[in-house]
>>> print(open('data.txt').read())   # compact mmCIF, C-alpha atoms
# COMPACT_ATOMS: atom_id res chain seq x y z
CA VAL A 1 -31.44 -14.50 6.23
CA GLU A 2 -29.00 -11.68 6.81
CA VAL A 3 -26.56 -10.93 9.64
CA ARG A 4 -25.83 -7.31 10.47
CA PHE A 5 -23.29 -5.91 12.90
CA MET A 6 -20.97 -2.99 13.58
CA ARG A 7 -17.29 -3.67 12.98
CA TRP A 8 -14.08 -1.97 14.07
CA LEU A 9 -11.35 -4.16 12.63
CA GLY A 10 -7.60 -3.78 12.35
CA VAL A 11 -5.49 -6.41 10.62
CA GLU A 12 -2.05 -6.60 9.01
CA ASN A 13 -1.38 -7.59 5.38
CA SER A 14 -3.05 -10.95 4.64
CA ILE A 15 0.33 -12.52 3.87
CA TYR A 16 0.97 -12.34 7.63
CA ASP A 17 -2.37 -11.95 9.45
CA ASN A 18 -5.79 -13.36 8.60
CA ALA A 19 -9.32 -12.39 9.61
CA HIS A 20 -12.47 -14.33 8.70
CA PHE A 21 -16.21 -14.32 9.33
CA ARG A 22 -17.83 -17.77 9.24
CA VAL A 23 -21.30 -19.27 9.72
CA SER A 24 -22.52 -22.77 10.63
CA ASN A 25 -25.88 -24.44 11.25
CA ASP A 26 -24.45 -27.34 13.27
CA GLY A 27 -21.41 -25.87 15.07
CA VAL A 28 -19.13 -28.35 13.27
CA ASN A 29 -19.09 -27.49 9.57
CA TRP A 30 -18.26 -23.83 8.92
CA VAL A 31 -18.84 -21.79 5.77
CA ASN A 32 -16.49 -18.89 5.12
CA ILE A 33 -18.52 -15.76 4.36
CA TRP A 34 -15.71 -13.16 4.31
CA SER A 35 -11.92 -13.16 4.51
CA HIS A 36 -9.44 -10.29 4.69
CA SER A 37 -7.32 -10.04 1.55
CA GLY A 38 -4.67 -7.55 0.54
CA GLY A 39 -2.94 -4.82 2.51
CA SER A 40 -2.98 -3.85 6.17
CA PHE A 41 -5.81 -1.64 7.38
CA THR A 42 -7.58 -0.34 10.47
CA ASP A 43 -11.18 0.86 10.37
CA PRO A 44 -11.24 4.59 11.21
CA ASP A 45 -14.59 4.23 13.02
CA TRP A 46 -17.43 1.76 13.55
CA VAL A 47 -18.41 0.35 10.13
CA PRO A 48 -21.86 -1.16 9.44
CA ILE A 49 -21.58 -4.64 7.87
CA ALA A 50 -24.27 -6.90 6.37
CA TYR A 51 -23.88 -10.39 4.88
CA ASP A 52 -26.45 -12.63 3.22
CA ILE A 53 -26.19 -16.02 5.01
CA SER A 54 -29.32 -17.58 3.49
CA ALA A 55 -27.40 -20.50 1.99
CA VAL A 56 -26.44 -21.65 5.49
CA ALA A 57 -29.19 -20.28 7.73
CA ASP A 58 -32.48 -20.66 5.82
CA ASN A 59 -35.01 -22.80 7.76
CA GLN A 60 -32.44 -23.71 10.43
CA PRO A 61 -33.43 -23.78 14.12
CA THR A 62 -29.93 -22.70 15.20
CA VAL A 63 -27.24 -20.64 13.50
CA TYR A 64 -23.70 -20.16 14.76
CA LEU A 65 -21.53 -17.10 13.96
CA ARG A 66 -17.76 -17.00 14.29
CA TRP A 67 -15.36 -14.05 13.95
CA VAL A 68 -11.88 -15.49 13.45
CA MET A 69 -8.38 -14.02 13.86
CA GLY A 70 -5.63 -16.27 12.57
CA THR A 71 -3.34 -17.41 11.46
CA THR A 72 -1.20 -14.42 12.53
CA ASP A 73 2.43 -13.63 13.08
CA HIS A 74 3.96 -12.01 16.18
CA SER A 75 5.87 -9.00 14.87
CA VAL A 76 3.16 -6.36 14.27
CA VAL A 77 0.02 -6.05 16.38
CA TYR A 78 -3.32 -4.61 15.18
CA CYS A 79 -6.56 -4.23 17.16
CA GLY A 80 -8.26 -7.28 15.56
CA TRP A 81 -12.05 -7.75 15.65
CA ASN A 82 -14.28 -5.44 17.67
CA ILE A 83 -17.99 -6.29 17.29
CA ASP A 84 -21.20 -4.60 18.43
CA ASP A 85 -24.95 -4.58 17.69
CA VAL A 86 -25.17 -8.08 16.16
CA GLU A 87 -28.57 -8.69 14.54
CA ILE A 88 -30.13 -11.54 12.54
CA TRP A 89 -32.76 -10.49 10.00
CA ALA A 90 -35.04 -12.83 8.07
CA ASP A 91 -38.25 -12.96 6.01
CA LEU A 92 -40.70 -15.55 7.36
CA ASP A 93 -42.49 -17.79 4.88
CA SER A 94 -46.29 -17.72 4.99
CA ALA A 95 -47.76 -20.64 6.89
CA SER A 96 -49.26 -23.32 4.66
CA PRO A 97 -52.77 -24.46 5.75
CA THR A 98 -53.50 -28.15 5.93
CA PRO A 99 -55.77 -29.26 3.05
CA THR A 100 -59.13 -30.76 4.03
CA PRO A 101 -59.56 -34.30 2.59
CA ALA A 102 -62.61 -34.99 0.43
CA PRO A 103 -65.25 -37.42 1.89
CA PRO A 104 -65.02 -40.99 0.57
CA THR A 105 -67.22 -41.94 -2.36
CA ALA A 106 -68.09 -45.23 -4.00
CA THR A 107 -66.15 -44.22 -7.05
CA PRO A 108 -62.69 -42.80 -6.38
CA THR A 109 -62.48 -39.25 -7.57
CA SER A 110 -59.68 -36.77 -7.68
CA VAL A 111 -60.44 -33.91 -5.33
CA PRO A 112 -58.29 -30.79 -5.50
CA PRO A 113 -57.01 -29.44 -2.19
CA THR A 114 -59.21 -26.83 -0.59
CA ASN A 115 -56.29 -24.44 -0.19
CA THR A 116 -53.20 -23.79 -2.24
CA PRO A 117 -50.10 -23.15 -0.16
CA ALA A 118 -48.77 -19.64 -0.49
CA PRO A 119 -45.49 -19.46 -2.40
CA PRO A 120 -42.43 -18.88 -0.21
CA THR A 121 -41.26 -15.32 0.24
CA GLN A 122 -37.85 -14.80 -1.29
CA THR A 123 -35.09 -13.22 0.77
CA PRO A 124 -34.55 -9.75 -0.69
CA THR A 125 -31.19 -9.12 -2.31
CA PRO A 126 -29.35 -6.22 -0.66
CA ASP A 127 -28.84 -3.09 -2.74
CA CYS A 128 -25.79 -3.33 -4.99
CA ILE A 129 -23.80 -0.19 -4.18
CA HIS A 130 -20.84 0.65 -6.42
CA HIS A 131 -18.79 2.81 -4.05
CA GLY A 132 -15.23 1.44 -4.40
CA ASP A 133 -14.52 0.65 -0.73
CA VAL A 134 -13.97 -3.01 -1.54
CA ASN A 135 -12.48 -4.00 1.83
CA PHE A 136 -15.10 -1.96 3.74
CA ASP A 137 -12.58 -0.12 5.93
CA GLY A 138 -14.27 3.27 5.49
CA VAL A 139 -11.70 4.73 3.09
CA ILE A 140 -11.01 4.31 -0.63
CA SER A 141 -7.33 3.67 -1.15
CA ALA A 142 -4.83 1.70 -3.22
CA ALA A 143 -5.68 -1.44 -1.22
CA ASP A 144 -9.22 -1.31 -2.64
CA ALA A 145 -7.90 -1.02 -6.19
CA GLN A 146 -5.60 -3.97 -5.45
CA LEU A 147 -8.50 -6.14 -4.23
CA ALA A 148 -10.68 -5.15 -7.21
CA PHE A 149 -7.86 -6.15 -9.56
CA GLN A 150 -7.57 -9.53 -7.81
CA ILE A 151 -11.33 -10.02 -8.26
CA ALA A 152 -11.07 -9.09 -11.95
CA LEU A 153 -8.35 -11.73 -12.40
CA GLY A 154 -10.36 -14.39 -10.57
CA GLN A 155 -7.75 -14.66 -7.83
CA TYR A 156 -10.11 -13.61 -5.06
CA ILE A 157 -13.72 -14.75 -4.65
CA PRO A 158 -15.71 -11.79 -3.29
CA THR A 159 -18.90 -11.63 -1.27
CA TYR A 160 -21.93 -10.05 -2.93
CA GLU A 161 -21.22 -6.72 -1.20
CA GLU A 162 -17.51 -6.77 -2.11
CA GLU A 163 -18.29 -7.50 -5.76
CA CYS A 164 -20.76 -4.61 -5.89
CA ALA A 165 -18.22 -2.26 -4.30
CA ALA A 166 -15.51 -3.42 -6.72
CA ASP A 167 -17.75 -2.76 -9.73
CA CYS A 168 -16.86 0.92 -9.45
CA ASN A 169 -18.29 1.95 -12.83
CA GLY A 170 -21.54 0.05 -12.22
CA ASP A 171 -21.55 -1.90 -15.49
CA GLY A 172 -22.21 -5.26 -13.80
CA VAL A 173 -18.71 -6.66 -14.39
CA VAL A 174 -15.59 -6.29 -12.23
CA SER A 175 -12.67 -5.64 -14.58
CA ALA A 176 -9.30 -3.91 -14.71
CA SER A 177 -11.07 -0.67 -15.61
CA ASP A 178 -12.86 -0.80 -12.24
CA ALA A 179 -9.54 -1.24 -10.44
CA GLN A 180 -8.16 1.75 -12.34
CA LEU A 181 -11.23 3.88 -11.53
CA ILE A 182 -10.98 2.95 -7.84
CA PHE A 183 -7.29 3.92 -7.94
CA LEU A 184 -8.18 7.32 -9.44
CA THR A 185 -10.86 7.71 -6.75
CA ALA A 186 -8.25 6.96 -4.08
CA LEU A 187 -6.14 9.78 -5.54
CA GLY A 188 -9.10 12.17 -5.41
CA ALA A 189 -9.14 12.43 -9.22
CA ASP A 190 -12.44 10.64 -9.96
CA GLU A 191 -15.28 8.81 -8.23
CA CYS A 192 -17.29 5.59 -8.50
CA ALA A 193 -20.86 5.30 -9.74
CA ASP A 194 -22.33 5.44 -6.21
CA PRO A 195 -20.11 7.75 -4.13
CA LEU A 196 -20.87 7.71 -0.40
CA GLU A 197 -20.22 10.58 1.99
CA THR A 198 -19.04 8.06 4.58
CA ARG A 199 -16.18 6.84 2.34
CA PHE A 200 -13.09 9.08 2.31
CA SER A 201 -10.44 9.43 -0.41
CA GLY A 202 -7.83 11.85 -1.72
CA ALA A 203 -7.11 14.84 0.53
CA ASP A 204 -10.12 13.93 2.71
CA LEU A 205 -8.11 10.98 4.05
CA VAL A 206 -6.24 13.51 6.19
CA HIS A 207 -9.39 14.02 8.29
CA VAL A 208 -9.71 10.35 9.28
CA TYR A 209 -6.03 9.49 9.69
CA GLN A 210 -5.04 8.23 13.13
CA PRO A 211 -1.28 8.06 13.87
CA PRO A 212 -0.02 4.88 15.55
CA GLU A 213 -0.53 4.74 19.30
CA ALA A 214 2.48 2.50 19.96
CA VAL A 215 5.75 3.87 21.29
CA MET A 216 8.49 4.09 18.68
CA ASP A 217 11.40 1.70 19.24
CA ILE A 218 14.26 0.07 17.32
CA ASN A 219 11.83 -2.22 15.42
CA SER A 220 9.41 0.54 14.39
CA ASN A 221 8.64 1.05 10.73
CA LEU A 222 9.59 4.56 9.60
CA ILE A 223 8.86 6.89 6.71
CA GLN A 224 10.46 10.31 6.33
CA VAL A 225 10.87 13.19 3.89
CA GLU A 226 14.39 14.35 3.06
CA ASN A 227 13.78 18.08 2.73
CA ILE A 228 16.29 20.40 1.03
CA SER A 229 16.94 24.10 0.32
CA GLY A 230 17.13 25.91 -3.02
CA TYR A 231 16.89 29.14 -4.97
CA MET A 232 14.16 30.59 -7.14
CA ASP A 233 13.86 28.80 -10.52
CA ASP A 234 15.80 25.79 -9.24
CA ILE A 235 14.43 22.32 -9.97
CA VAL A 236 14.85 20.30 -6.77
CA LEU A 237 14.38 16.66 -5.84
CA VAL A 238 12.67 15.77 -2.52
CA GLN A 239 12.90 12.09 -1.60
CA VAL A 240 10.58 10.07 0.63
CA TRP A 241 12.48 7.31 2.42
CA LEU A 242 11.19 4.05 3.86
CA ASP A 243 12.72 1.95 6.62
CA ASN A 244 10.49 -1.06 7.33
CA PRO A 245 12.17 -3.63 9.60
CA THR A 246 8.97 -5.61 10.26
CA THR A 247 6.19 -4.74 7.77
CA PRO A 248 6.22 -5.55 4.03
CA VAL A 249 4.52 -3.12 1.65
CA ASP A 250 2.47 -4.02 -1.43
CA ALA A 251 -0.08 -1.18 -1.31
CA PHE A 252 0.17 2.36 0.01
CA THR A 253 -1.71 5.64 -0.05
CA LEU A 254 -0.50 8.83 1.61
CA ASN A 255 -0.99 12.58 1.62
CA LEU A 256 1.79 15.15 1.76
CA GLY A 257 1.58 18.90 2.29
CA TYR A 258 3.83 21.57 0.76
CA ASP A 259 3.88 25.37 0.27
CA HIS A 260 2.30 25.69 -3.16
CA THR A 261 2.95 29.46 -3.17
CA LYS A 262 6.71 28.82 -3.29
CA MET A 263 6.99 25.38 -4.91
CA LYS A 264 5.37 23.96 -8.06
CA LEU A 265 5.08 20.17 -8.12
CA ILE A 266 6.17 18.91 -11.55
CA ASP A 267 6.28 15.13 -11.19
CA ILE A 268 6.62 12.18 -8.78
CA ASP A 269 8.56 9.06 -9.76
CA PRO A 270 8.97 5.68 -7.99
CA GLY A 271 12.23 5.27 -6.08
CA ASP A 272 14.61 2.34 -5.82
CA LEU A 273 12.09 0.46 -3.61
CA ASN A 274 9.98 -0.48 -6.62
CA PRO A 275 8.48 -4.00 -6.72
CA GLU A 276 7.08 -3.30 -10.22
CA TRP A 277 3.91 -1.52 -9.16
CA VAL A 278 0.74 -2.52 -11.05
CA ASP A 279 -0.27 1.13 -10.72
CA PHE A 280 1.63 4.14 -9.34
CA GLY A 281 0.18 7.63 -9.42
CA TRP A 282 -0.27 11.00 -7.79
CA ASN A 283 -2.76 13.85 -7.82
CA ILE A 284 -2.85 17.36 -6.36
CA SER A 285 -6.06 16.66 -4.48
CA ASP A 286 -6.26 20.04 -2.74
CA GLU A 287 -4.25 23.26 -2.59
CA GLY A 288 -0.84 22.32 -1.22
CA ILE A 289 -1.80 18.64 -0.76
CA VAL A 290 -0.72 15.80 -3.02
CA THR A 291 -2.06 12.24 -2.75
CA VAL A 292 0.38 9.49 -3.79
CA ALA A 293 -0.60 5.81 -4.13
CA ALA A 294 0.62 2.51 -5.57
CA TYR A 295 -0.11 -1.21 -5.39
CA THR A 296 1.10 -4.55 -6.69
CA LEU A 297 -0.99 -7.67 -7.25
CA GLY A 298 -0.05 -8.65 -3.70
CA LEU A 299 -0.38 -12.41 -4.02
CA ASP A 300 3.27 -13.39 -3.77
CA VAL A 301 6.21 -12.33 -1.59
CA SER A 302 8.06 -11.27 -4.76
CA GLU A 303 5.37 -8.63 -5.40
CA LEU A 304 6.11 -6.38 -2.44
CA ILE A 305 8.74 -4.33 -0.68
CA PRO A 306 9.98 -6.96 1.79
CA ALA A 307 10.38 -6.34 5.50
CA GLY A 308 13.90 -5.23 6.32
CA SER A 309 14.16 -2.85 3.36
CA GLU A 310 15.55 0.68 3.46
CA GLY A 311 15.53 3.10 0.54
CA VAL A 312 13.62 5.67 -1.49
CA LEU A 313 9.89 5.00 -1.88
CA PHE A 314 9.41 7.85 -4.38
CA GLU A 315 10.94 11.17 -5.49
CA MET A 316 9.10 14.48 -5.83
CA ILE A 317 10.30 17.01 -8.42
CA PHE A 318 9.59 20.70 -7.68
CA LEU A 319 10.20 23.97 -9.49
CA LEU A 320 10.93 26.69 -6.92
CA ASP A 321 9.04 29.96 -7.35
CA ALA A 322 11.02 31.56 -4.51
CA ASP A 323 14.15 30.95 -2.43
CA VAL A 324 13.48 28.31 0.25
CA ASP A 325 15.66 27.44 3.23
CA ASP A 326 13.69 24.25 3.78
CA SER A 327 11.30 22.61 1.30
CA ASN A 328 9.24 21.58 4.37
CA VAL A 329 7.25 18.82 2.67
CA GLN A 330 5.25 17.14 5.44
CA ILE A 331 3.49 13.78 5.68
CA LEU A 332 -0.18 14.41 6.54
CA SER A 333 -1.67 10.90 6.46
CA LEU A 334 -0.61 7.28 5.91
CA HIS A 335 -2.86 4.41 4.80
CA ASP A 336 -2.87 0.76 3.68
CA ASP A 337 0.43 -0.93 4.55
CA LEU A 338 1.85 2.38 5.83
CA GLN A 339 -1.00 2.88 8.33
CA GLU A 340 1.11 1.99 11.37
CA PHE A 341 4.37 3.57 10.18
CA PHE A 342 5.90 6.46 12.11
CA ALA A 343 6.32 9.64 10.05
CA LEU A 344 9.54 11.53 10.81
>>> encode(input="data.txt", output="structure tokens")
Amino acid sequence: VEVRFMRWLGVENSIYDNAHFRVSNDGVNWVNIWSHSGGSFTDPDWVPIAYDISAVADNQPTVYLRWVMGTTDHSVVYCGWNIDDVEIWADLDSASPTPTPAPPTATPTSVPPTNTPAPPTQTPTPDCIHHGDVNFDGVISAADAQLAFQIALGQYIPTYEEECAADCNGDGVVSASDAQLIFLTALGADECADPLETRFSGADLVHVYQPPEAVMDINSNLIQVENISGYMDDIVLVQVWLDNPTTPVDAFTLNLGYDHTKMKLIDIDPGDLNPEWVDFGWNISDEGIVTVAAYTLGLDVSELIPAGSEGVLFEMIFLLDADVDDSNVQILSLHDDLQEFFAL
């Protein structure tokens, strides 16, 4: 038995907000099928979801489905669950005919049944697709690498679909190498064994980015580039600053644009807001576009940039090929825990 539906979900980091999908066959005892884990995210569009619920629903006259939000905090608001096109799919067992009893005889004999029941039809296992979008939010980002790493360490128990997605190299085992490959995919530098056109990464994340719809106020989370001027052959430092009064950060992915005809990107280093990233990296994913990403294990409050922080997230080092009055590095897209930040 399989449940299928379309999902548009937005939820904050699982340290603060929780989302679950649960199933029951009596309306009292609930089995958790999926739980949000890791960084904040919002689906960029309707996402098709399928879960195998055979363990709970097989041969049951009634099945209950529950989409859960909570527990949550009050400081940052996401869209939560939006559900459409809910369907229940199942394979019906063949009916077993009733055997005809043998007529009585003076001497008891063993009479075989006239018909042998057909063996039950097994529920087909969904295809195992190794695409890297472990949290099924439609994009491949640092949050997916984070979740794959948690699965590899045994600190998160995945669904069948999540485990397949996390097995980025398709070798049948989720390991640290899968988390690393997903991270490189997020940067636009590699791809998983089963790349999907509907999953975006690297510079393509710019096309699906949706800026926050809320109105900026004193409690808004901010990210900004401190642009500078310089002369030809100068090596200049451009800093990206973070001011997050309400939202902690343990995974981020973002794209920045710059004039590659005047500036050569040499390196990017973590800034003073560094919670000891498990992985930090960058890649020139298109002409004049660099993708930067990082994540921690994300299971403890010590493994994140806490809310109320202000400082340098990372520093970009450029060699100037011409005089520039303004380095004009611009933020093009924000993802994971930075999804709802305002770019200045």
>>> closest_atom_pairs(input="data.txt", of="stretch 175-220 of chain A", to="stretch 277-287 of chain A", cutoff="6 Å", atoms="only C-alpha atoms", output="JSON lines")
{"residue": "A:Leu187", "atom": "CA", "partner": "A:Asn283", "partner_atom": "CA", "distance": 5.8}
{"residue": "A:Gly188", "atom": "CA", "partner": "A:Ser285", "partner_atom": "CA", "distance": 5.5}
{"residue": "A:Gly202", "atom": "CA", "partner": "A:Ser285", "partner_atom": "CA", "distance": 5.8}
{"residue": "A:Ala203", "atom": "CA", "partner": "A:Ser285", "partner_atom": "CA", "distance": 5.4}
>>> atom_distance(input="data.txt", atom1="atom CA of A:Asp234", atom2="atom CA of A:Thr253")
28.2 Å
>>> closest_residue(input="data.txt", among="A:Cys79, A:Leu299, A:Val3, A:Leu184", to="A:Ala19", atoms="all atoms listed in the file")
A:Cys79
>>> closest_atom_pairs(input="data.txt", of="stretch 152-238 of chain A", to="stretch 35-48 of chain A", cutoff="10 Å", atoms="only C-alpha atoms", output="tab-separated table")
residue	atom	partner	partner_atom	distance
A:Tyr156	CA	A:Ser37	CA	8.0
A:Ile157	CA	A:Ser35	CA	9.5
A:Pro158	CA	A:Ser35	CA	8.8
A:Thr159	CA	A:Ser35	CA	9.2
A:Thr198	CA	A:Val47	CA	9.5
A:Val208	CA	A:Pro44	CA	6.3
A:Tyr209	CA	A:Pro44	CA	7.3
A:Gln210	CA	A:Pro44	CA	7.4
>>> closest_residue(input="data.txt", among="A:Ile317, A:Ala145, A:Ile129, A:Ile140", to="A:Ala165", atoms="all atoms listed in the file")
A:Ile129
